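Asker: Following this line is structure04.csv, made up of CSV, C-alpha atoms:
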chain,number,residue,atom,x,y,z
A,361,MET,CA,168.4,65.0,-124.5
A,362,LYS,CA,171.4,66.1,-126.6
A,363,TYR,CA,173.6,64.2,-128.9
A,364,VAL,CA,177.2,65.4,-128.3
A,365,PRO,CA,180.6,64.6,-129.7
A,366,ASP,CA,182.4,61.9,-127.7
A,367,SER,CA,184.8,63.8,-125.3
A,368,THR,CA,187.4,61.0,-125.7
A,369,ALA,CA,187.4,61.4,-129.5
A,370,ASP,CA,189.1,64.0,-131.7
A,371,ARG,CA,186.5,66.7,-131.7
A,372,GLN,CA,186.5,69.1,-134.6
A,373,PHE,CA,184.9,72.2,-136.0
A,374,GLU,CA,183.3,72.9,-139.4
A,375,SER,CA,184.6,75.6,-141.7
A,376,ASP,CA,181.9,78.0,-140.3
A,377,ASN,CA,183.2,77.3,-136.7
A,378,THR,CA,180.2,75.2,-135.7
A,379,VAL,CA,180.8,71.9,-134.0
A,380,ASP,CA,181.2,68.9,-136.3
A,381,ARG,CA,178.4,66.6,-135.2
A,382,VAL,CA,178.5,64.3,-138.3
A,383,GLY,CA,182.1,63.5,-139.0
A,384,VAL,CA,183.0,62.5,-135.4
A,385,ASP,CA,181.7,59.8,-133.0
A,386,GLY,CA,178.8,61.0,-130.8
A,387,LEU,CA,176.7,59.8,-128.0
A,388,LEU,CA,174.0,60.7,-125.5
A,389,SER,CA,175.3,63.6,-123.3
A,390,GLU,CA,176.3,62.0,-120.0
A,391,LEU,CA,174.6,64.7,-118.0
A,392,ASP,CA,171.3,63.9,-119.8
A,393,GLU,CA,171.6,60.3,-118.7
A,394,TYR,CA,170.7,61.5,-115.2
A,395,ALA,CA,167.6,63.1,-116.6
A,396,VAL,CA,166.6,59.9,-118.2
A,397,GLU,CA,167.2,58.0,-115.0
A,398,GLN,CA,165.0,60.4,-112.9
A,399,ALA,CA,162.2,60.1,-115.5
A,400,LEU,CA,162.4,56.3,-115.3
A,401,GLN,CA,162.3,56.4,-111.5
A,402,LEU,CA,159.2,58.6,-111.7
A,403,LYS,CA,157.6,56.1,-114.1
A,404,GLU,CA,158.3,53.2,-111.8
A,405,LYS,CA,156.6,55.1,-108.9
A,406,ASN,CA,153.5,56.1,-111.0
A,407,GLU,CA,151.7,53.4,-112.8
A,408,GLY,CA,150.5,54.3,-116.3
A,409,THR,CA,153.3,56.9,-116.8
A,410,THR,CA,155.2,56.8,-120.1
A,411,VAL,CA,158.6,58.3,-120.8
A,412,THR,CA,159.3,59.8,-124.2
A,413,ALA,CA,162.9,60.5,-125.2
A,414,LEU,CA,163.2,63.6,-127.4
A,415,CYS,CA,166.3,64.8,-129.2
A,416,VAL,CA,167.2,67.4,-131.8
A,417,GLY,CA,170.2,66.8,-134.0
A,418,PRO,CA,171.6,65.2,-137.1
A,419,GLU,CA,170.4,61.8,-138.3
A,420,LYS,CA,173.2,60.1,-136.3
A,421,ALA,CA,171.6,61.5,-133.1
A,422,VAL,CA,169.1,58.5,-133.3
A,423,ASP,CA,171.8,56.6,-131.4
A,424,ALA,CA,171.2,58.9,-128.4
A,425,VAL,CA,167.5,58.2,-128.6
A,426,ARG,CA,168.1,54.5,-128.8
A,427,LYS,CA,170.3,54.6,-125.7
A,428,ALA,CA,167.4,56.1,-123.8
A,429,LEU,CA,165.0,53.4,-125.1
A,430,GLN,CA,167.5,50.8,-124.0
A,431,MET,CA,167.6,52.3,-120.5
A,432,GLY,CA,163.8,52.0,-120.3
A,433,ALA,CA,162.1,54.9,-122.1
A,434,ASP,CA,158.9,53.9,-123.8
A,435,GLN,CA,159.2,55.8,-127.1
A,436,GLY,CA,161.5,58.1,-128.9
A,437,ILE,CA,161.4,61.2,-131.1
A,438,LEU,CA,164.3,62.6,-133.2
A,439,VAL,CA,163.8,66.0,-134.8
A,440,THR,CA,166.3,66.3,-137.6
A,441,ASP,CA,166.5,68.8,-140.4
A,442,GLU,CA,169.5,70.3,-142.3
A,443,ALA,CA,168.2,73.8,-141.6
A,444,ILE,CA,168.7,73.2,-137.8
A,445,ALA,CA,172.5,73.0,-138.1
A,446,GLY,CA,174.2,75.9,-136.3
A,447,SER,CA,171.2,76.8,-134.2
A,448,ASP,CA,171.8,78.5,-130.9
A,449,TYR,CA,170.0,78.0,-127.6
A,450,VAL,CA,167.1,80.3,-128.7
A,451,ALA,CA,166.4,78.3,-131.8
A,452,THR,CA,167.0,74.9,-130.1
A,453,SER,CA,164.5,75.7,-127.4
A,454,LEU,CA,162.0,76.7,-130.1
A,455,VAL,CA,162.3,73.4,-131.9
A,456,LEU,CA,162.2,71.4,-128.6
A,457,ALA,CA,159.1,73.3,-127.5
A,458,LYS,CA,157.2,72.8,-130.7
A,459,ALA,CA,158.1,69.1,-130.6
A,460,ILE,CA,156.9,68.8,-127.0
A,461,GLU,CA,153.6,70.5,-128.0
A,462,LYS,CA,153.1,68.1,-130.9
A,463,ALA,CA,153.9,65.1,-128.7
A,464,GLY,CA,151.5,66.5,-126.0
A,465,SER,CA,148.6,66.8,-128.5
A,466,GLU,CA,148.4,63.0,-128.3
A,467,ASN,CA,149.5,62.3,-124.7
A,468,LYS,CA,149.4,64.9,-121.9
A,469,VAL,CA,152.8,66.1,-120.9
A,470,ASP,CA,153.1,66.3,-117.1
A,471,LEU,CA,156.8,66.8,-116.8
A,472,VAL,CA,159.6,67.9,-119.1
A,473,MET,CA,162.9,66.5,-117.7
A,474,CYS,CA,166.2,67.9,-118.7
A,475,GLY,CA,169.9,67.5,-117.8
A,476,MET,CA,171.6,70.4,-116.0
A,477,ALA,CA,173.7,71.2,-119.1
A,478,SER,CA,175.2,69.5,-122.2
A,479,THR,CA,178.7,68.2,-122.0
A,480,ASP,CA,179.7,70.1,-125.1
A,481,ALA,CA,178.3,73.6,-124.8
A,482,SER,CA,177.5,73.6,-121.0
A,483,GLY,CA,175.0,76.4,-121.4
A,484,SER,CA,172.4,75.3,-118.8
A,485,VAL,CA,169.8,77.8,-120.3
A,486,VAL,CA,167.6,75.6,-122.5
A,487,PRO,CA,165.4,74.3,-119.6
A,488,ALA,CA,164.5,77.9,-118.6
A,489,MET,CA,163.8,78.8,-122.2
A,490,LEU,CA,161.6,75.8,-122.6
A,491,ALA,CA,159.6,76.7,-119.5
A,492,GLU,CA,159.1,80.2,-121.0
A,493,ARG,CA,158.0,78.9,-124.4
A,494,LEU,CA,155.7,76.3,-122.9
A,495,ASP,CA,154.4,78.7,-120.3
A,496,LEU,CA,155.2,76.3,-117.5
A,497,PRO,CA,156.9,76.7,-114.1
A,498,GLN,CA,160.5,75.6,-113.8
A,499,VAL,CA,162.5,73.9,-111.0
A,500,THR,CA,166.1,73.6,-112.0
A,501,PHE,CA,169.4,72.1,-110.9
A,502,ALA,CA,167.8,69.5,-108.7
A,503,SER,CA,170.2,67.4,-106.7
A,504,VAL,CA,167.3,65.5,-105.0
A,505,VAL,CA,163.8,64.9,-106.5
A,506,GLU,CA,160.7,63.9,-104.5
A,507,THR,CA,157.2,63.5,-105.9
A,508,GLN,CA,153.8,62.7,-104.5
A,509,GLY,CA,151.0,62.7,-107.1
A,510,ASP,CA,151.3,66.0,-109.0
A,511,GLN,CA,153.4,67.6,-106.3
A,512,VAL,CA,157.2,68.0,-106.8
A,513,ARG,CA,159.8,69.0,-104.3
A,514,ILE,CA,163.5,69.4,-105.1
A,515,LYS,CA,166.7,70.3,-103.3
A,516,ARG,CA,169.0,72.7,-105.1
A,517,ASP,CA,172.6,73.1,-103.8
A,518,SER,CA,174.6,76.2,-104.5
A,519,ASP,CA,177.9,77.5,-103.2
A,520,THR,CA,176.3,79.4,-100.4
A,521,ALA,CA,173.1,77.7,-99.5
A,522,THR,CA,170.7,74.8,-100.1
A,523,GLU,CA,167.2,75.5,-101.3
A,524,VAL,CA,164.1,73.3,-101.1
A,525,ILE,CA,161.6,74.2,-103.8
A,526,GLY,CA,158.1,72.9,-104.4
A,527,ALA,CA,155.9,73.0,-107.5
A,528,THR,CA,152.9,71.4,-109.1
A,529,MET,CA,152.9,69.6,-112.4
A,530,PRO,CA,153.0,70.3,-115.3
A,531,LEU,CA,156.4,71.8,-115.1
A,532,VAL,CA,160.0,71.8,-116.5
A,533,MET,CA,162.7,70.3,-114.4
A,534,SER,CA,166.5,70.0,-114.8
A,535,VAL,CA,168.5,67.6,-112.6
A,536,THR,CA,172.2,67.5,-111.7
A,537,ASP,CA,174.6,64.6,-111.6
A,538,GLN,CA,174.0,64.4,-107.8
A,539,THR,CA,170.6,62.8,-108.3
A,540,GLY,CA,172.1,59.3,-108.5
A,541,GLU,CA,173.9,57.1,-111.0
A,542,ALA,CA,172.1,56.4,-114.3
A,543,ARG,CA,171.4,52.7,-115.0
A,544,TYR,CA,173.2,50.8,-117.6
A,545,PRO,CA,171.1,49.2,-120.4
A,546,SER,CA,170.6,45.5,-119.7
A,547,PHE,CA,170.6,42.9,-122.5
A,548,LYS,CA,166.8,42.6,-122.0
A,549,GLY,CA,166.5,46.4,-122.4
A,550,ILE,CA,168.6,46.5,-125.5
A,551,MET,CA,166.5,43.8,-127.2
A,552,ALA,CA,163.2,45.4,-126.1
A,553,ALA,CA,164.3,48.8,-127.4
A,554,LYS,CA,164.3,47.4,-131.0
A,555,LYS,CA,160.5,47.1,-130.8
A,556,LYS,CA,159.7,50.4,-129.3
A,557,PRO,CA,158.3,53.2,-131.4
A,558,LEU,CA,160.9,55.8,-132.7
A,559,GLU,CA,159.6,58.6,-134.9
A,560,THR,CA,161.7,61.1,-136.9
A,561,TRP,CA,160.2,64.5,-137.5
A,562,SER,CA,161.3,67.4,-139.7
A,563,LEU,CA,160.8,71.1,-139.0
A,564,SER,CA,157.7,71.1,-141.2
A,565,ASP,CA,156.2,68.3,-139.0
A,566,ILE,CA,156.3,70.5,-135.9
A,567,GLY,CA,155.4,73.7,-137.7
A,568,VAL,CA,158.7,75.6,-137.5
A,569,ASP,CA,159.9,77.7,-140.5
A,570,ALA,CA,163.5,77.0,-141.6
A,571,GLY,CA,164.1,80.8,-141.4
A,572,GLU,CA,163.7,80.7,-137.6
A,573,VAL,CA,166.6,78.4,-137.0
A,574,GLY,CA,170.2,77.8,-138.1
A,575,LEU,CA,173.4,79.8,-138.0
A,576,SER,CA,172.1,82.7,-140.1
A,577,VAL,CA,169.7,83.8,-137.4
A,578,ALA,CA,171.7,82.7,-134.3
A,579,TRP,CA,172.1,85.4,-131.6
A,580,THR,CA,175.6,84.1,-130.9
A,581,GLU,CA,178.4,83.0,-133.1
A,582,VAL,CA,181.9,81.5,-132.7
A,583,THR,CA,184.3,83.7,-134.6
A,584,GLU,CA,187.5,81.8,-134.1
A,585,THR,CA,188.8,78.5,-132.9
A,586,THR,CA,192.3,77.5,-131.9
A,587,ALA,CA,193.7,74.0,-132.0
A,588,ARG,CA,194.7,72.5,-128.6
A,589,PRO,CA,198.5,72.9,-128.2
A,590,PRO,CA,200.5,69.7,-128.0
A,591,ARG,CA,201.4,68.4,-124.6
A,592,THR,CA,204.9,69.3,-123.5
A,593,ALA,CA,207.3,67.3,-121.4
A,594,GLY,CA,206.8,67.7,-117.7
A,595,GLU,CA,209.5,69.1,-115.3
A,596,ILE,CA,211.3,66.6,-113.2
A,597,VAL,CA,212.4,67.6,-109.7
A,598,LYS,CA,215.2,65.6,-108.2
A,599,ASP,CA,215.7,65.4,-104.5
A,600,GLU,CA,219.3,64.3,-104.3
A,601,ASP,CA,220.3,67.0,-101.8
A,602,GLY,CA,217.0,67.3,-100.0
A,603,SER,CA,215.9,70.4,-101.9
A,604,GLY,CA,213.1,68.6,-103.7
A,605,ALA,CA,210.4,69.9,-101.3
A,606,THR,CA,211.5,73.5,-101.7
A,607,ALA,CA,211.7,73.2,-105.5
A,608,LEU,CA,208.2,71.7,-105.6
A,609,THR,CA,206.8,74.4,-103.3
A,610,GLU,CA,208.3,77.2,-105.5
A,611,PHE,CA,206.9,75.6,-108.6
A,612,LEU,CA,203.4,75.5,-107.1
A,613,VAL,CA,203.6,79.1,-105.9
A,614,SER,CA,204.7,80.2,-109.4
A,615,LYS,CA,201.6,78.6,-110.9
A,616,LYS,CA,199.5,80.1,-108.1
A,617,PHE,CA,198.3,76.7,-107.0
A,618,ILE,CA,199.2,77.6,-103.4
Represent the structure contained in this file as structure tokens.
Answerer:
Amino acid sequence: MKYVPDSTADRQFESDNTVDRVGVDGLLSELDEYAVEQALQLKEKNEGTTVTALCVGPEKAVDAVRKALQMGADQGILVTDEAIAGSDYVATSLVLAKAIEKAGSENKVDLVMCGMASTDASGSVVPAMLAERLDLPQVTFASVVETQGDQVRIKRDSDTATEVIGATMPLVMSVTDQTGEARYPSFKGIMAAKKKPLETWSLSDIGVDAGEVGLSVAWTEVTETTARPPRTAGEIVKDEDGSGATALTEFLVSKKFI
């Protein structure tokens, strides 16, 4: 899961053009809520299954993990370290993979569930990178998920076709917002989450050198940002003489809307 700036808040950048994830309000990425929901549904269908919510981010990202615990996840892990700041997809996938391997040393990992993208960067590449690092098959952009034992079948919709893909666990999966609405934490779930285990790991805990992550080794870099321009007054079309429809049509054509 990813802790992202609240899209309704005033999002900002740091002096090095990285996203400010500390000085702004943040939350669990909405698209990752669908991944949590699908994981919980699989848990409900398979007795003895546990769901671990894993997040990489600043200390405030613990709020995203708590949201997943409130929804029904059994335990949470936050990997936080100052050296991670500014990491790109490559470094982020490394940290996540090492954390999954550490978690899997105690409990077998059958399925790594991801959202289709984050609501801030919208990269959609981390699930594939995770599959490569963990040496697991991947089934991505699932709009429908079906399981029976260790067999998984998904439906993936594209602009030109619909694919049905099957695979055998263990694997990495990403799901879209078409899989079904994510549940809201109930009062009982919120209270129960306070007693669930929530661990905080550093880079040293998962065996990652600080020199492998961060902005200094990132393959991509934001070189410039521009503030959003202020909203301007709209154009009013009056229809006093019956020319309103023509004026509206001409406006839409000028903007290439029609």
Asker: For each of A:Gly509, A:Gly549, A:Gly574, A:Gly408, take the minimum atom-to-atom distance to Tyr449 in chain A, counting all atoms listed in the file, then give the residue where this is smallest.
Answerer: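 Ranking A:Gly509, A:Gly549, A:Gly574, A:Gly408 by distance to Tyr449 in chain A, first place goes to A:Gly574.
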Asker: Need to verify the contact set: Val450 in chain A, 12 Å, all atoms listed in the file, exclusion of same-chain residues closer than 3 positions in sequence. Can you return it as a list in words?
Answerer: Ile444, Gly446, Ser447, Ser453, Leu454, Val455, Leu456, Ala457, Gly483, Val485, Val486, Pro487, Ala488, Met489, Leu490, Glu492, Arg493, Glu572, Val573, Gly574, Leu575, Val577, Ala578, Trp579 and Thr580 of chain A
Asker: Identify, on the basis of all atoms listed in the file, every residue whose closest approach to range 584-596 of chain A does not exceed 12 Å; exclude the query and any residue fewer than 2 positions from it along the same chain; express the result as a PyMOL selection string.
Answerer: chain A and resi 370-379+581-582+598-599+604+607-608+611
Asker: Select, from A:Arg516, A:Lys403, A:Lys420, A:Lys462, the residue with the minimum atom-to-atom distance to Val382 in chain A, counting only C-alpha atoms.
Answerer: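 Of the candidates, the smallest distance to Val382 in chain A is held by A:Lys420.
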Asker: Select from range 399-450 of chain A every residue with an atom at most 10 Å from any atom of range 558-565 of chain A, then for each give the shortest pair of atoms and their distance in Å to one decimal, using all atoms listed in the file, rows by chain and rising number, as JSON lines.
Answerer:
{"residue": "A:Thr412", "atom": "CA", "partner": "A:Leu558", "partner_atom": "CA", "distance": 9.5}
{"residue": "A:Ala413", "atom": "CA", "partner": "A:Leu558", "partner_atom": "CA", "distance": 9.1}
{"residue": "A:Leu414", "atom": "CA", "partner": "A:Glu559", "partner_atom": "CA", "distance": 9.7}
{"residue": "A:Cys415", "atom": "CA", "partner": "A:Thr560", "partner_atom": "CA", "distance": 9.7}
{"residue": "A:Val416", "atom": "CA", "partner": "A:Trp561", "partner_atom": "CA", "distance": 9.5}
{"residue": "A:Glu419", "atom": "CA", "partner": "A:Thr560", "partner_atom": "CA", "distance": 8.8}
{"residue": "A:Val422", "atom": "CA", "partner": "A:Thr560", "partner_atom": "CA", "distance": 8.6}
{"residue": "A:Val425", "atom": "CA", "partner": "A:Leu558", "partner_atom": "CA", "distance": 8.1}
{"residue": "A:Arg426", "atom": "CA", "partner": "A:Leu558", "partner_atom": "CA", "distance": 8.3}
{"residue": "A:Leu429", "atom": "CA", "partner": "A:Leu558", "partner_atom": "CA", "distance": 9.0}
{"residue": "A:Asp434", "atom": "CA", "partner": "A:Leu558", "partner_atom": "CA", "distance": 9.3}
{"residue": "A:Gln435", "atom": "CA", "partner": "A:Leu558", "partner_atom": "CA", "distance": 5.9}
{"residue": "A:Gly436", "atom": "CA", "partner": "A:Leu558", "partner_atom": "CA", "distance": 4.5}
{"residue": "A:Ile437", "atom": "CA", "partner": "A:Glu559", "partner_atom": "CA", "distance": 4.9}
{"residue": "A:Leu438", "atom": "CA", "partner": "A:Thr560", "partner_atom": "CA", "distance": 4.8}
{"residue": "A:Val439", "atom": "CA", "partner": "A:Trp561", "partner_atom": "CA", "distance": 4.7}
{"residue": "A:Thr440", "atom": "CA", "partner": "A:Ser562", "partner_atom": "CA", "distance": 5.5}
{"residue": "A:Asp441", "atom": "CA", "partner": "A:Ser562", "partner_atom": "CA", "distance": 5.4}
{"residue": "A:Glu442", "atom": "CA", "partner": "A:Ser562", "partner_atom": "CA", "distance": 9.1}
{"residue": "A:Ala443", "atom": "CA", "partner": "A:Leu563", "partner_atom": "CA", "distance": 8.3}
{"residue": "A:Ile444", "atom": "CA", "partner": "A:Leu563", "partner_atom": "CA", "distance": 8.3}
Asker: Just write the chosen residues, C-alpha atoms, as a tab-separated table (two decimals), in the frame of the given file.
Answerer:
chain	number	residue	atom	x	y	z
A	412	THR	CA	159.30	59.80	-124.20
A	413	ALA	CA	162.90	60.50	-125.20
A	414	LEU	CA	163.20	63.60	-127.40
A	415	CYS	CA	166.30	64.80	-129.20
A	416	VAL	CA	167.20	67.40	-131.80
A	419	GLU	CA	170.40	61.80	-138.30
A	422	VAL	CA	169.10	58.50	-133.30
A	425	VAL	CA	167.50	58.20	-128.60
A	426	ARG	CA	168.10	54.50	-128.80
A	429	LEU	CA	165.00	53.40	-125.10
A	434	ASP	CA	158.90	53.90	-123.80
A	435	GLN	CA	159.20	55.80	-127.10
A	436	GLY	CA	161.50	58.10	-128.90
A	437	ILE	CA	161.40	61.20	-131.10
A	438	LEU	CA	164.30	62.60	-133.20
A	439	VAL	CA	163.80	66.00	-134.80
A	440	THR	CA	166.30	66.30	-137.60
A	441	ASP	CA	166.50	68.80	-140.40
A	442	GLU	CA	169.50	70.30	-142.30
A	443	ALA	CA	168.20	73.80	-141.60
A	444	ILE	CA	168.70	73.20	-137.80
Asker: In Å, with one decimal, what is the gap from CA of Leu402 in chain A to CA of Lys468 in chain A?
Answerer: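 About the pair CA of Leu402 in chain A and CA of Lys468 in chain A: they are 15.5 Å apart.
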